[in-house]
Each structure stands twice: as C-alpha cells, then as structure tokens.
file data13.csv (CSV, C-alpha atoms)
chain,number,residue,atom,x,y,z
A,23,MET,CA,-97.5,-133.2,141.9
A,24,ILE,CA,-94.6,-132.4,144.1
A,25,ARG,CA,-94.1,-133.4,147.7
A,26,VAL,CA,-93.3,-130.7,150.2
A,27,LYS,CA,-91.9,-131.0,153.7
A,28,ASP,CA,-93.5,-127.9,155.2
A,29,PRO,CA,-96.8,-126.8,153.6
A,30,ILE,CA,-96.8,-123.4,155.3
A,31,ALA,CA,-93.4,-122.5,153.8
A,32,SER,CA,-94.3,-123.9,150.4
A,33,ILE,CA,-97.7,-122.2,150.1
A,34,LYS,CA,-96.1,-118.9,151.2
A,35,PHE,CA,-93.5,-119.3,148.4
A,36,TYR,CA,-95.9,-120.2,145.7
A,37,THR,CA,-98.5,-117.5,146.7
A,38,GLU,CA,-96.3,-114.6,147.9
A,39,VAL,CA,-93.2,-115.1,145.7
A,40,LEU,CA,-94.7,-116.5,142.5
A,41,GLY,CA,-98.2,-115.0,142.8
A,42,MET,CA,-100.3,-118.2,142.6
A,43,LYS,CA,-103.5,-118.6,144.6
A,44,LEU,CA,-104.4,-121.5,146.8
A,45,ILE,CA,-107.5,-122.8,145.2
A,46,THR,CA,-108.4,-125.7,147.6
A,47,LYS,CA,-106.9,-128.4,149.8
A,48,SER,CA,-107.9,-131.9,150.7
A,49,ASP,CA,-107.0,-133.6,153.9
A,50,ASN,CA,-106.7,-137.4,153.8
A,51,PRO,CA,-106.6,-138.6,157.4
A,52,SER,CA,-106.4,-142.3,156.5
A,53,GLY,CA,-103.3,-141.8,154.4
A,54,LYS,CA,-102.0,-139.0,156.7
A,55,PHE,CA,-101.4,-136.5,153.9
A,56,THR,CA,-102.9,-133.2,152.5
A,57,LEU,CA,-103.2,-132.1,148.9
A,58,TYR,CA,-102.9,-128.4,148.0
A,59,PHE,CA,-104.0,-127.1,144.6
A,60,LEU,CA,-102.6,-123.8,143.4
A,61,ALA,CA,-102.9,-121.9,140.1
A,62,TYR,CA,-102.7,-118.5,138.5
A,63,VAL,CA,-106.4,-117.4,138.7
A,64,ASP,CA,-108.0,-114.0,139.1
A,65,LYS,CA,-110.5,-115.1,141.7
A,66,VAL,CA,-111.0,-118.2,144.0
A,67,PRO,CA,-114.6,-119.2,144.4
A,68,GLU,CA,-116.2,-119.1,147.9
A,69,SER,CA,-117.8,-122.5,148.0
A,70,ASP,CA,-115.8,-125.7,148.5
A,71,GLU,CA,-117.5,-127.4,145.7
A,72,GLU,CA,-116.7,-124.6,143.2
A,73,LYS,CA,-113.1,-124.5,144.5
A,74,ARG,CA,-112.8,-128.2,143.7
A,75,LYS,CA,-114.4,-127.8,140.3
A,76,LEU,CA,-112.0,-125.0,139.5
A,77,ALA,CA,-108.9,-127.0,140.6
A,78,PHE,CA,-109.8,-129.8,138.2
A,79,SER,CA,-111.0,-127.7,135.2
A,80,ILE,CA,-108.2,-125.3,134.4
A,81,PRO,CA,-104.7,-125.8,132.9
A,82,GLY,CA,-101.6,-125.3,134.9
A,83,VAL,CA,-102.7,-126.3,138.3
A,84,LEU,CA,-99.8,-127.2,140.7
A,85,GLU,CA,-100.5,-129.9,143.2
A,86,LEU,CA,-98.5,-130.0,146.4
A,87,THR,CA,-98.6,-133.1,148.6
A,88,HIS,CA,-97.7,-132.9,152.3
A,89,ASN,CA,-97.1,-136.1,154.2
A,90,TRP,CA,-98.0,-135.3,157.8
A,91,GLY,CA,-95.1,-135.1,160.2
A,92,THR,CA,-92.3,-134.3,157.7
A,93,GLU,CA,-92.2,-130.7,158.8
A,94,ASN,CA,-91.1,-131.8,162.3
A,95,ASP,CA,-88.1,-133.8,161.2
A,96,ALA,CA,-85.1,-131.5,160.8
A,97,ASP,CA,-83.2,-134.1,158.8
A,98,PHE,CA,-86.0,-134.9,156.4
A,99,SER,CA,-85.8,-133.7,152.7
A,100,TYR,CA,-87.2,-134.8,149.4
A,101,ALA,CA,-85.1,-135.6,146.4
A,102,ASN,CA,-85.6,-132.5,144.1
A,103,GLY,CA,-84.6,-134.4,141.0
A,104,ASN,CA,-81.5,-132.3,140.2
A,105,LYS,CA,-78.9,-134.0,142.4
A,106,GLU,CA,-78.2,-137.5,143.6
A,107,PRO,CA,-80.0,-139.5,144.9
A,108,GLY,CA,-83.1,-139.1,142.9
A,109,ARG,CA,-82.0,-137.4,139.8
A,110,GLY,CA,-84.7,-137.3,137.2
A,111,PHE,CA,-87.3,-134.5,137.8
A,112,GLY,CA,-86.0,-131.3,136.4
A,113,HIS,CA,-88.1,-128.2,137.1
A,114,ILE,CA,-91.4,-126.4,136.6
A,115,ALA,CA,-91.5,-123.2,134.6
A,116,VAL,CA,-93.3,-120.0,135.2
A,117,LEU,CA,-94.0,-117.4,132.6
A,118,VAL,CA,-93.6,-113.7,133.6
A,119,ASP,CA,-94.4,-110.5,131.8
A,120,ASP,CA,-91.1,-108.7,132.8
A,121,ILE,CA,-88.3,-111.1,133.6
A,122,GLN,CA,-85.9,-108.3,134.7
A,123,ALA,CA,-88.5,-107.0,137.2
A,124,ALA,CA,-89.4,-110.5,138.4
A,125,CYS,CA,-85.7,-111.4,139.1
A,126,ALA,CA,-85.1,-108.0,140.8
A,127,ARG,CA,-88.1,-108.8,143.0
A,128,PHE,CA,-86.8,-112.3,143.8
A,129,GLU,CA,-83.5,-110.7,144.8
A,130,GLU,CA,-85.3,-108.3,147.2
A,131,LEU,CA,-87.2,-111.2,148.7
A,132,LYS,CA,-83.9,-113.1,149.1
A,133,VAL,CA,-85.1,-116.0,147.0
A,134,ASN,CA,-82.4,-118.7,146.3
A,135,PHE,CA,-81.2,-118.5,142.8
A,136,VAL,CA,-79.7,-121.5,141.0
A,137,LYS,CA,-79.0,-119.4,137.9
A,138,ARG,CA,-79.4,-115.6,137.6
A,139,LEU,CA,-80.1,-113.9,134.2
A,140,GLN,CA,-76.5,-112.9,133.9
A,141,ASP,CA,-75.1,-116.3,134.6
A,142,GLY,CA,-74.0,-118.7,131.9
A,143,ASN,CA,-74.7,-118.6,128.2
A,144,MET,CA,-78.5,-118.4,128.4
A,145,LYS,CA,-79.1,-114.8,129.5
A,146,HIS,CA,-82.8,-114.9,129.0
A,147,ILE,CA,-83.8,-117.4,131.7
A,148,ALA,CA,-83.3,-117.7,135.4
A,149,PHE,CA,-83.8,-120.5,137.9
A,150,ILE,CA,-84.9,-120.2,141.5
A,151,THR,CA,-85.7,-122.8,144.2
A,152,ASP,CA,-88.7,-123.3,146.4
A,153,PRO,CA,-88.4,-124.2,150.1
A,154,ASP,CA,-87.8,-127.9,149.2
A,155,GLY,CA,-85.1,-127.2,146.7
A,156,TYR,CA,-87.3,-127.8,143.6
A,157,TRP,CA,-86.1,-125.7,140.7
A,158,VAL,CA,-88.5,-123.1,139.1
A,159,GLU,CA,-87.5,-121.8,135.7
A,160,ILE,CA,-88.4,-118.2,135.1
A,161,ILE,CA,-89.1,-117.3,131.5
A,162,GLN,CA,-90.2,-114.2,129.7
A,163,ASN,CA,-93.7,-114.0,128.2
A,164,PRO,CA,-93.0,-113.8,124.5
A,165,ASN,CA,-96.1,-111.6,124.0
A,166,LYS,CA,-94.5,-109.1,126.4
A,167,GLY,CA,-90.8,-109.4,125.3
A,168,THR,CA,-88.4,-111.6,123.6
A,169,LEU,CA,-88.8,-115.4,123.0
A,170,PRO,CA,-87.5,-117.5,125.9
A,171,ILE,CA,-85.7,-120.0,123.7
call {"tool": "encode", "arguments": {"input": "data13.csv", "output": "structure tokens"}}
result
Amino acid sequence: MIRVKDPIASIKFYTEVLGMKLITKSDNPSGKFTLYFLAYVDKVPESDEEKRKLAFSIPGVLELTHNWGTENDADFSYANGNKEPGRGFGHIAVLVDDIQAACARFEELKVNFVKRLQDGNMKHIAFITDPDGYWVEIIQNPNKGTLPI
C-alpha cells in the first residue's frame, strides 16, 4: 500500500500512463480514507462483489490509500522513501514488453524521469515517478527482450 495525496492524479497516472485498471475502491467514512485497488487485468467485472473478489485473488495488486483532505493542502506531501525524511521504501517495478517504446511514450507524456535508459551504468532500466514522487522502476520483460539484471 502506498499513500497518495490526490487520488484523481494518482489513478490517472497508474491507469493512463502505466496501463493498470482500477478494479475497485472502498470508502471508509469513520477513518476518513479511501482504498483504491489497481492491477494489470484484461477485464474488470461489473458487480461490486466480483470486483472485490478479483482485487483479493490475483497477484500484483497495487493498493493506494487516500486520506481525505490531503489533496486540498498545497504544502502536504508523503515521504516517498528515497529522500530524507522517511528514507526506507525504494520503489515498485513494472515489467514492459518493449522498454524503449515504453520510455519513449513516457517522454511524450512528459512523465518525470529519475533515471532514463541512457543514464548511469545500468542502461537496461529506467525509473519514473508517480504524482506523489514514488519511484517506479521500468524493466524489460525477459520473454520479449533481454534480461533486466
């Protein structure tokens, strides 16, 4: 689970930039937060019950938590784990079939890069950030190209 400041921006990033689908969400009024569950799936069921079953029965589901009101505070941000304070969490990783094409698309979409393919010694991986500054490692599917490590 990662916490997000603005669920609209985060869901747009994970669905439109990374190609995940929003499976379901769960509002929790007593705790003043909403949980969003996203994954790489071909189809999202229509019924709420089937959506919930899917979210908890497949591997690789990303859970986003939005604490209500954070989107209205211009100074609010979460520690992304890659800088002080709050160093610890590193990143999530996403496997792509064509890393060159994926990175070119991210450039076109003006996604923030932490590391482009041509940067540094590791020319086979890239890092981008989501709207909250969490790092997302982009790696090549080894069944479609070279091994990522």
call {"tool": "residues_around", "arguments": {"input": "data13.csv", "residues": "A:Val118", "least_positions_apart": "5", "cutoff": "7 Å", "atoms": "only C-alpha atoms", "output": "PyMOL selection string"}}
result
chain A and resi 161-163
call {"tool": "residues_near_point", "arguments": {"input": "data13.csv", "point": "(-86.5, -122.7, 137.3)", "cutoff": "8 Å", "atoms": "all atoms listed in the file", "output": "compact mmCIF listing (two decimals) with C-alpha atoms, keeping the file's coordinate frame"}}
result
# COMPACT_ATOMS: atom_id res chain seq x y z
CA HIS A 113 -88.10 -128.20 137.10
CA ILE A 114 -91.40 -126.40 136.60
CA ALA A 115 -91.50 -123.20 134.60
CA VAL A 116 -93.30 -120.00 135.20
CA VAL A 136 -79.70 -121.50 141.00
CA ALA A 148 -83.30 -117.70 135.40
CA PHE A 149 -83.80 -120.50 137.90
CA ILE A 150 -84.90 -120.20 141.50
CA THR A 151 -85.70 -122.80 144.20
CA TRP A 157 -86.10 -125.70 140.70
CA VAL A 158 -88.50 -123.10 139.10
CA GLU A 159 -87.50 -121.80 135.70
CA ILE A 160 -88.40 -118.20 135.10
call {"tool": "residues_around", "arguments": {"input": "data13.csv", "residues": "A:Ala77", "least_positions_apart": "5", "cutoff": "7 Å", "atoms": "all atoms listed in the file", "output": "PyMOL selection string"}}
result
chain A and resi 45+59+83
call {"tool": "residues_around", "arguments": {"input": "data13.csv", "residues": "A:Arg74", "least_positions_apart": "5", "cutoff": "10 Å", "atoms": "all atoms listed in the file", "output": "PyMOL selection string"}}
result
chain A and resi 45-48+59+67+69+79
call {"tool": "residues_around", "arguments": {"input": "data13.csv", "residues": "A:Thr92", "least_positions_apart": "4", "cutoff": "9 Å", "atoms": "only C-alpha atoms", "output": "list of chain:residue names"}}
result
A:Val26, A:Lys27, A:Asp28, A:His88, A:Ala96, A:Phe98, A:Ser99
call {"tool": "atom_distance", "arguments": {"input": "data13.csv", "atom1": "atom CA of A:Tyr156", "atom2": "atom CA of A:Asn102"}}
result
5.0 Å
